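S.K.: As input, take data-v1.cif (mmCIF, C-alpha atoms):
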data_run
#
loop_
_atom_site.group_PDB
_atom_site.id
_atom_site.type_symbol
_atom_site.label_atom_id
_atom_site.label_comp_id
_atom_site.auth_asym_id
_atom_site.auth_seq_id
_atom_site.Cartn_x
_atom_site.Cartn_y
_atom_site.Cartn_z
ATOM 1 C CA MET H 51 125.215 68.477 -74.448
ATOM 2 C CA PRO H 52 125.118 64.789 -73.365
ATOM 3 C CA THR H 53 128.281 64.136 -75.420
ATOM 4 C CA GLN H 54 130.092 67.008 -73.693
ATOM 5 C CA MET H 55 129.013 65.799 -70.255
ATOM 6 C CA ARG H 56 130.205 62.292 -71.091
ATOM 7 C CA ALA H 57 133.551 63.707 -72.268
ATOM 8 C CA VAL H 58 133.964 65.630 -69.000
ATOM 9 C CA ARG H 59 133.097 62.514 -66.982
ATOM 10 C CA THR H 60 135.602 60.449 -68.986
ATOM 11 C CA ARG H 61 138.331 63.040 -68.494
ATOM 12 C CA ASP H 62 137.606 63.322 -64.757
ATOM 13 C CA ALA H 63 137.498 59.535 -64.315
ATOM 14 C CA THR H 64 140.810 59.199 -66.131
ATOM 15 C CA ILE H 65 142.513 61.885 -64.047
ATOM 16 C CA THR H 66 141.194 60.443 -60.777
ATOM 17 C CA ALA H 67 142.219 56.897 -61.728
ATOM 18 C CA LEU H 68 145.664 58.081 -62.808
ATOM 19 C CA ALA H 69 146.081 60.074 -59.588
ATOM 20 C CA GLU H 70 145.180 57.071 -57.438
ATOM 21 C CA LEU H 71 147.629 54.874 -59.328
ATOM 22 C CA ILE H 72 150.482 57.402 -59.183
ATOM 23 C CA ALA H 73 149.895 58.030 -55.474
ATOM 24 C CA GLU H 74 149.930 54.286 -54.857
ATOM 25 C CA ARG H 75 152.729 53.071 -57.131
ATOM 26 C CA GLY H 76 154.253 55.993 -59.041
ATOM 27 C CA TYR H 77 154.099 56.817 -62.732
ATOM 28 C CA PRO H 78 156.690 54.311 -64.021
ATOM 29 C CA ARG H 79 154.750 51.355 -62.602
ATOM 30 C CA THR H 80 151.418 52.582 -63.978
ATOM 31 C CA SER H 81 150.457 51.215 -67.381
ATOM 32 C CA VAL H 82 147.799 52.383 -69.809
ATOM 33 C CA THR H 83 145.972 49.129 -69.068
ATOM 34 C CA ASP H 84 146.009 49.998 -65.357
ATOM 35 C CA ILE H 85 144.565 53.447 -66.099
ATOM 36 C CA VAL H 86 141.735 52.206 -68.326
ATOM 37 C CA GLU H 87 140.821 49.434 -65.895
ATOM 38 C CA ALA H 88 140.796 51.795 -62.912
ATOM 39 C CA ALA H 89 138.792 54.414 -64.839
ATOM 40 C CA GLY H 90 136.371 51.854 -66.290
ATOM 41 C CA LEU H 91 137.236 52.814 -69.875
ATOM 42 C CA THR H 92 138.463 51.198 -73.028
ATOM 43 C CA LYS H 93 141.848 52.069 -74.511
ATOM 44 C CA GLY H 94 139.998 53.610 -77.446
ATOM 45 C CA ALA H 95 138.087 55.952 -75.143
ATOM 46 C CA LEU H 96 141.280 56.916 -73.328
ATOM 47 C CA TYR H 97 143.141 57.660 -76.559
ATOM 48 C CA PHE H 98 140.166 59.593 -77.925
ATOM 49 C CA HIS H 99 140.589 62.082 -75.056
ATOM 50 C CA PHE H 100 144.362 61.864 -74.514
ATOM 51 C CA PRO H 101 146.893 61.270 -77.307
ATOM 52 C CA SER H 102 149.330 59.486 -74.960
ATOM 53 C CA LYS H 103 149.899 58.293 -71.428
ATOM 54 C CA GLU H 104 152.085 61.369 -70.890
ATOM 55 C CA ALA H 105 149.160 63.611 -71.926
ATOM 56 C CA THR H 106 147.157 62.202 -69.018
ATOM 57 C CA VAL H 107 149.882 63.450 -66.680
ATOM 58 C CA THR H 108 149.720 66.923 -68.226
ATOM 59 C CA ALA H 109 145.949 66.917 -67.645
ATOM 60 C CA LEU H 110 146.467 65.782 -64.043
ATOM 61 C CA LEU H 111 148.973 68.602 -63.450
ATOM 62 C CA ASP H 112 146.596 71.149 -65.016
ATOM 63 C CA THR H 113 143.800 69.903 -62.763
ATOM 64 C CA ALA H 114 146.020 70.037 -59.673
ATOM 65 C CA SER H 115 147.172 73.559 -60.496
ATOM 66 C CA GLY H 116 143.607 74.813 -60.128
ATOM 67 C CA ARG H 117 143.338 73.454 -56.594
ATOM 68 C CA TYR H 118 145.642 75.890 -54.853
ATOM 69 C CA GLU H 119 143.119 78.683 -54.288
ATOM 70 C CA PHE H 120 143.655 78.304 -50.542
ATOM 71 C CA LEU H 121 147.135 79.848 -50.933
ATOM 72 C CA ALA H 122 145.600 83.256 -51.712
ATOM 73 C CA ARG H 123 144.535 83.492 -48.084
ATOM 74 C CA TYR H 124 148.200 83.416 -47.018
ATOM 75 C CA GLN H 125 149.201 86.068 -49.511
ATOM 76 C CA SER H 126 146.749 88.541 -48.024
ATOM 77 C CA MET H 127 146.679 87.679 -44.312
ATOM 78 C CA PRO H 128 146.840 90.575 -41.891
ATOM 79 C CA GLU H 129 150.291 91.001 -40.487
ATOM 80 C CA ALA H 130 150.349 87.732 -38.589
ATOM 81 C CA PRO H 131 153.866 86.549 -37.704
ATOM 82 C CA PRO H 132 155.353 84.898 -40.814
ATOM 83 C CA ARG H 133 156.301 81.807 -38.805
ATOM 84 C CA GLN H 134 152.667 81.244 -37.801
ATOM 85 C CA GLU H 135 151.460 81.888 -41.355
ATOM 86 C CA VAL H 136 153.892 79.314 -42.733
ATOM 87 C CA LEU H 137 152.909 76.715 -40.145
ATOM 88 C CA SER H 138 149.212 77.360 -40.853
ATOM 89 C CA LEU H 139 149.843 77.081 -44.587
ATOM 90 C CA LEU H 140 151.745 73.790 -44.214
ATOM 91 C CA THR H 141 149.063 72.375 -41.931
ATOM 92 C CA GLU H 142 146.348 73.275 -44.433
ATOM 93 C CA TYR H 143 148.424 71.989 -47.350
ATOM 94 C CA SER H 144 148.979 68.642 -45.646
ATOM 95 C CA GLU H 145 145.226 68.390 -44.967
ATOM 96 C CA GLN H 146 144.468 69.215 -48.615
ATOM 97 C CA LEU H 147 147.013 66.637 -49.738
ATOM 98 C CA ARG H 148 145.493 63.895 -47.580
ATOM 99 C CA ALA H 149 141.996 64.703 -48.836
ATOM 100 C CA ASP H 150 142.778 65.155 -52.539
ATOM 101 C CA VAL H 151 144.444 62.317 -54.428
ATOM 102 C CA VAL H 152 145.123 64.602 -57.406
ATOM 103 C CA LEU H 153 147.279 66.876 -55.232
ATOM 104 C CA HIS H 154 148.990 63.864 -53.687
ATOM 105 C CA ALA H 155 149.800 62.433 -57.130
ATOM 106 C CA GLU H 156 151.095 65.826 -58.252
ATOM 107 C CA SER H 157 153.479 65.899 -55.275
ATOM 108 C CA VAL H 158 154.759 62.432 -56.216
ATOM 109 C CA LEU H 159 155.401 63.687 -59.767
ATOM 110 C CA TRP H 160 157.513 66.571 -58.390
ATOM 111 C CA SER H 161 160.265 64.002 -57.771
ATOM 112 C CA ASP H 162 159.642 61.678 -60.724
ATOM 113 C CA PRO H 163 162.715 61.889 -62.985
ATOM 114 C CA ASP H 164 160.532 61.827 -66.112
ATOM 115 C CA PHE H 165 158.317 64.696 -64.966
ATOM 116 C CA THR H 166 160.286 66.783 -62.447
ATOM 117 C CA ASP H 167 160.669 69.830 -64.698
ATOM 118 C CA LEU H 168 157.106 69.736 -66.028
ATOM 119 C CA ALA H 169 155.551 69.002 -62.624
ATOM 120 C CA ARG H 170 157.514 71.720 -60.837
ATOM 121 C CA SER H 171 156.677 74.345 -63.458
ATOM 122 C CA ALA H 172 153.043 73.324 -63.946
ATOM 123 C CA GLY H 173 151.519 75.316 -61.162
ATOM 124 C CA GLY H 174 151.137 73.780 -57.729
ATOM 125 C CA TYR H 175 154.844 73.610 -56.940
ATOM 126 C CA ARG H 176 155.391 77.126 -58.282
ATOM 127 C CA HIS H 177 152.366 78.542 -56.386
ATOM 128 C CA LEU H 178 153.503 76.937 -53.151
ATOM 129 C CA LEU H 179 157.120 78.069 -53.590
ATOM 130 C CA GLU H 180 156.077 81.658 -54.429
ATOM 131 C CA THR H 181 153.808 81.835 -51.398
ATOM 132 C CA LEU H 182 156.462 80.443 -49.056
ATOM 133 C CA THR H 183 159.016 82.866 -50.511
ATOM 134 C CA ALA H 184 156.640 85.780 -49.910
ATOM 135 C CA LEU H 185 156.278 84.711 -46.280
ATOM 136 C CA THR H 186 159.919 83.926 -45.554
ATOM 137 C CA THR H 187 163.090 84.189 -47.649
ATOM 138 C CA PRO H 188 164.018 82.435 -50.908
ATOM 139 C CA GLU H 189 166.440 80.200 -49.019
ATOM 140 C CA MET H 190 163.891 79.264 -46.348
ATOM 141 C CA ALA H 191 161.238 78.648 -49.012
ATOM 142 C CA ASP H 192 163.630 76.275 -50.818
ATOM 143 C CA ALA H 193 164.328 74.456 -47.538
ATOM 144 C CA LEU H 194 160.611 74.145 -46.796
ATOM 145 C CA MET H 195 159.939 72.813 -50.303
ATOM 146 C CA ALA H 196 162.686 70.214 -49.753
ATOM 147 C CA MET H 197 160.894 69.162 -46.554
ATOM 148 C CA ILE H 198 157.626 68.887 -48.472
ATOM 149 C CA LEU H 199 159.314 66.809 -51.181
ATOM 150 C CA GLY H 200 160.846 64.547 -48.562
ATOM 151 C CA SER H 201 157.446 64.032 -46.990
ATOM 152 C CA THR H 202 155.368 63.502 -50.113
ATOM 153 C CA ALA H 203 157.416 62.132 -52.958
ATOM 154 C CA THR H 204 157.364 58.416 -52.262
ATOM 155 C CA PRO H 205 154.374 56.676 -53.840
ATOM 156 C CA GLY H 206 152.575 54.250 -51.575
ATOM 157 C CA SER H 207 154.864 55.100 -48.691
ATOM 158 C CA THR H 208 153.621 55.600 -45.176
ATOM 159 C CA ARG H 209 156.076 58.487 -44.906
ATOM 160 C CA GLY H 210 154.044 60.501 -47.427
ATOM 161 C CA LEU H 211 151.529 63.105 -46.322
ATOM 162 C CA SER H 212 148.690 60.787 -47.225
ATOM 163 C CA ALA H 213 149.525 58.969 -44.018
ATOM 164 C CA SER H 214 147.934 60.393 -40.898
ATOM 165 C CA GLU H 215 151.260 61.220 -39.256
ATOM 166 C CA GLY H 216 152.825 62.851 -42.345
ATOM 167 C CA GLY H 217 151.276 66.308 -41.915
ATOM 168 C CA PRO H 218 152.170 66.732 -38.243
ATOM 169 C CA ARG H 219 155.716 65.515 -38.980
ATOM 170 C CA LEU H 220 156.090 68.084 -41.779
ATOM 171 C CA VAL H 221 154.811 70.869 -39.524
ATOM 172 C CA ALA H 222 157.181 69.790 -36.712
ATOM 173 C CA MET H 223 160.176 69.839 -39.090
ATOM 174 C CA ALA H 224 159.114 73.256 -40.406
ATOM 175 C CA GLN H 225 158.644 74.561 -36.859
ATOM 176 C CA ALA H 226 162.238 73.656 -36.038
ATOM 177 C CA ALA H 227 163.524 75.213 -39.271
ATOM 178 C CA LEU H 228 161.520 78.403 -38.720
ATOM 179 C CA ALA H 229 162.657 78.910 -35.125
ATOM 180 C CA GLY H 230 164.856 81.878 -36.001
ATOM 181 C CA LEU H 231 162.619 83.430 -38.634
ATOM 182 C CA GLY H 232 162.411 87.168 -38.127
ATOM 183 C CA PRO H 233 159.726 89.589 -39.216
ATOM 184 C CA ARG H 234 160.779 89.620 -42.891
ATOM 185 C CA ARG H 235 157.745 89.638 -45.112
ATOM 186 C CA THR H 236 157.402 90.509 -48.782
ATOM 187 C CA THR H 237 154.698 90.383 -51.353
ATOM 188 C CA LEU H 238 154.646 88.099 -54.339
ATOM 189 C CA THR H 239 155.364 91.059 -56.605
ATOM 190 C CA ASP H 240 158.484 91.911 -54.560
ATOM 191 C CA ASN H 241 159.810 88.418 -55.184
ATOM 192 C CA LEU H 242 159.044 88.552 -58.892
ATOM 193 C CA THR H 243 160.647 91.963 -59.468
ATOM 194 C CA PRO H 244 164.138 91.638 -60.978
ATOM 195 C CA HIS H 245 166.871 93.077 -58.782
ATOM 196 C CA HIS H 246 169.722 94.848 -60.544
#
Represent the structure contained in this file as structure tokens.

M.R.:
Amino acid sequence: MPTQMRAVRTRDATITALAELIAERGYPRTSVTDIVEAAGLTKGALYFHFPSKEATVTALLDTASGRYEFLARYQSMPEAPPRQEVLSLLTEYSEQLRADVVLHAESVLWSDPDFTDLARSAGGYRHLLETLTALTTPEMADALMAMILGSTATPGSTRGLSASEGGPRLVAMAQAALAGLGPRRTTLTDNLTPHH
């Protein structure tokens, strides 16, 4: 058991260190040496748990994907106006992002040219997009995701949601975009059903 606990601690320390580095400077400017120093590991210990630097990103994305439980609340809310649900969701998401460096790093990876496809299919992006689509329309959900990307994707930037003004700015932009949103509301299964 002690070996397993140590392995879990090593994995968690690596993911947290990587997340902090990506949030601060982005993936391209993060070296393996940076990761091991920030995590307090040796390169041997890192490579024992992860076969490559890229594998650490996959682990980070897997970890982030499990942190979107809060979205379930918006998929089963009583018939609140969709506009209010979306604004509540974006407010909560921005708070989660500020509090959780793993989620912040994941949002930076959504726009990283080396990881865009993997990061956007890994979970968090998909969960968020599906929930927004269920609350609005596919077009509005895409527009809202573009606003999120514009607010979160720059590592170390004060325009990201890790900054105290980022969340309110995102919600204000969304509020303006949602001004004409009608009562349309679907379920996630409606959006996933193929239309012929």

S.K.: Using 10 Å as the limit and counting all atoms listed in the file, can you tabulate each residue of segment 103-189 of chain H that touches segment 85-98 of chain H, with its shortest atom-to-atom distance in Å and the two atoms involved, as a Markdown table?

M.R.:
| residue | atom | partner | partner_atom | distance |
| --- | --- | --- | --- | --- |
| H:Lys103 | CA | H:Tyr97 | CA | 8.5 |
| H:Ala105 | CA | H:Tyr97 | CA | 9.6 |
| H:Thr106 | CA | H:Leu96 | CA | 9.0 |

S.K.: Create the file for the chosen residues now, containing C-alpha atoms and written as a PDB file, in the coordinates of the input.

M.R.:
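Now in part_28.pdb:
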ATOM      1  CA  LYS H 103     149.899  58.293 -71.428  1.00  0.00           C
ATOM      2  CA  ALA H 105     149.160  63.611 -71.926  1.00  0.00           C
ATOM      3  CA  THR H 106     147.157  62.202 -69.018  1.00  0.00           C
TER       4      THR H 106
END

S.K.: So, counting all atoms listed in the file, which residue among H:Leu168, H:Thr181, H:Asp162, H:Ala229 is closest to Leu199 of chain H?

M.R.: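 Distance minimum relative to Leu199 of chain H lands on H:Asp162.
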
S.K.: Using the chain letters and numbers from this file, what does the PyMOL selection byres ((chain H and resi 178) around 10) select? Give the answer as number ranges by chain.

M.R.: H: 118, 121, 139-140, 143, 173-177, 179-184, 191, 194-195

S.K.: Mind giving me the straight-line distance from atom CA of Thr66 of chain H to atom CA of Thr80 of chain H in Å, one decimal?

M.R.: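 Distance reported for this atom pair: 13.3 Å.
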
S.K.: Looking at H:Ala169, H:Ala57, H:Leu185, H:Ala227, which one is nearest to Thr113 of chain H, with distances taken over all atoms listed in the file?

M.R.: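 The closest residue to Thr113 of chain H is H:Ala169.
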
S.K.: Would you compute, for all listed atoms of segment 151-163 of chain H, the axis-aligned bounding box grown by 4 Å on each side, and then report its centre and edge lengths in Å rounded to one decimal, as lines of an AutoDock Vina configuration file?

M.R.:
center_x = 153.6
center_y = 64.3
center_z = -58.3
size_x = 26.3
size_y = 13.2
size_z = 17.3
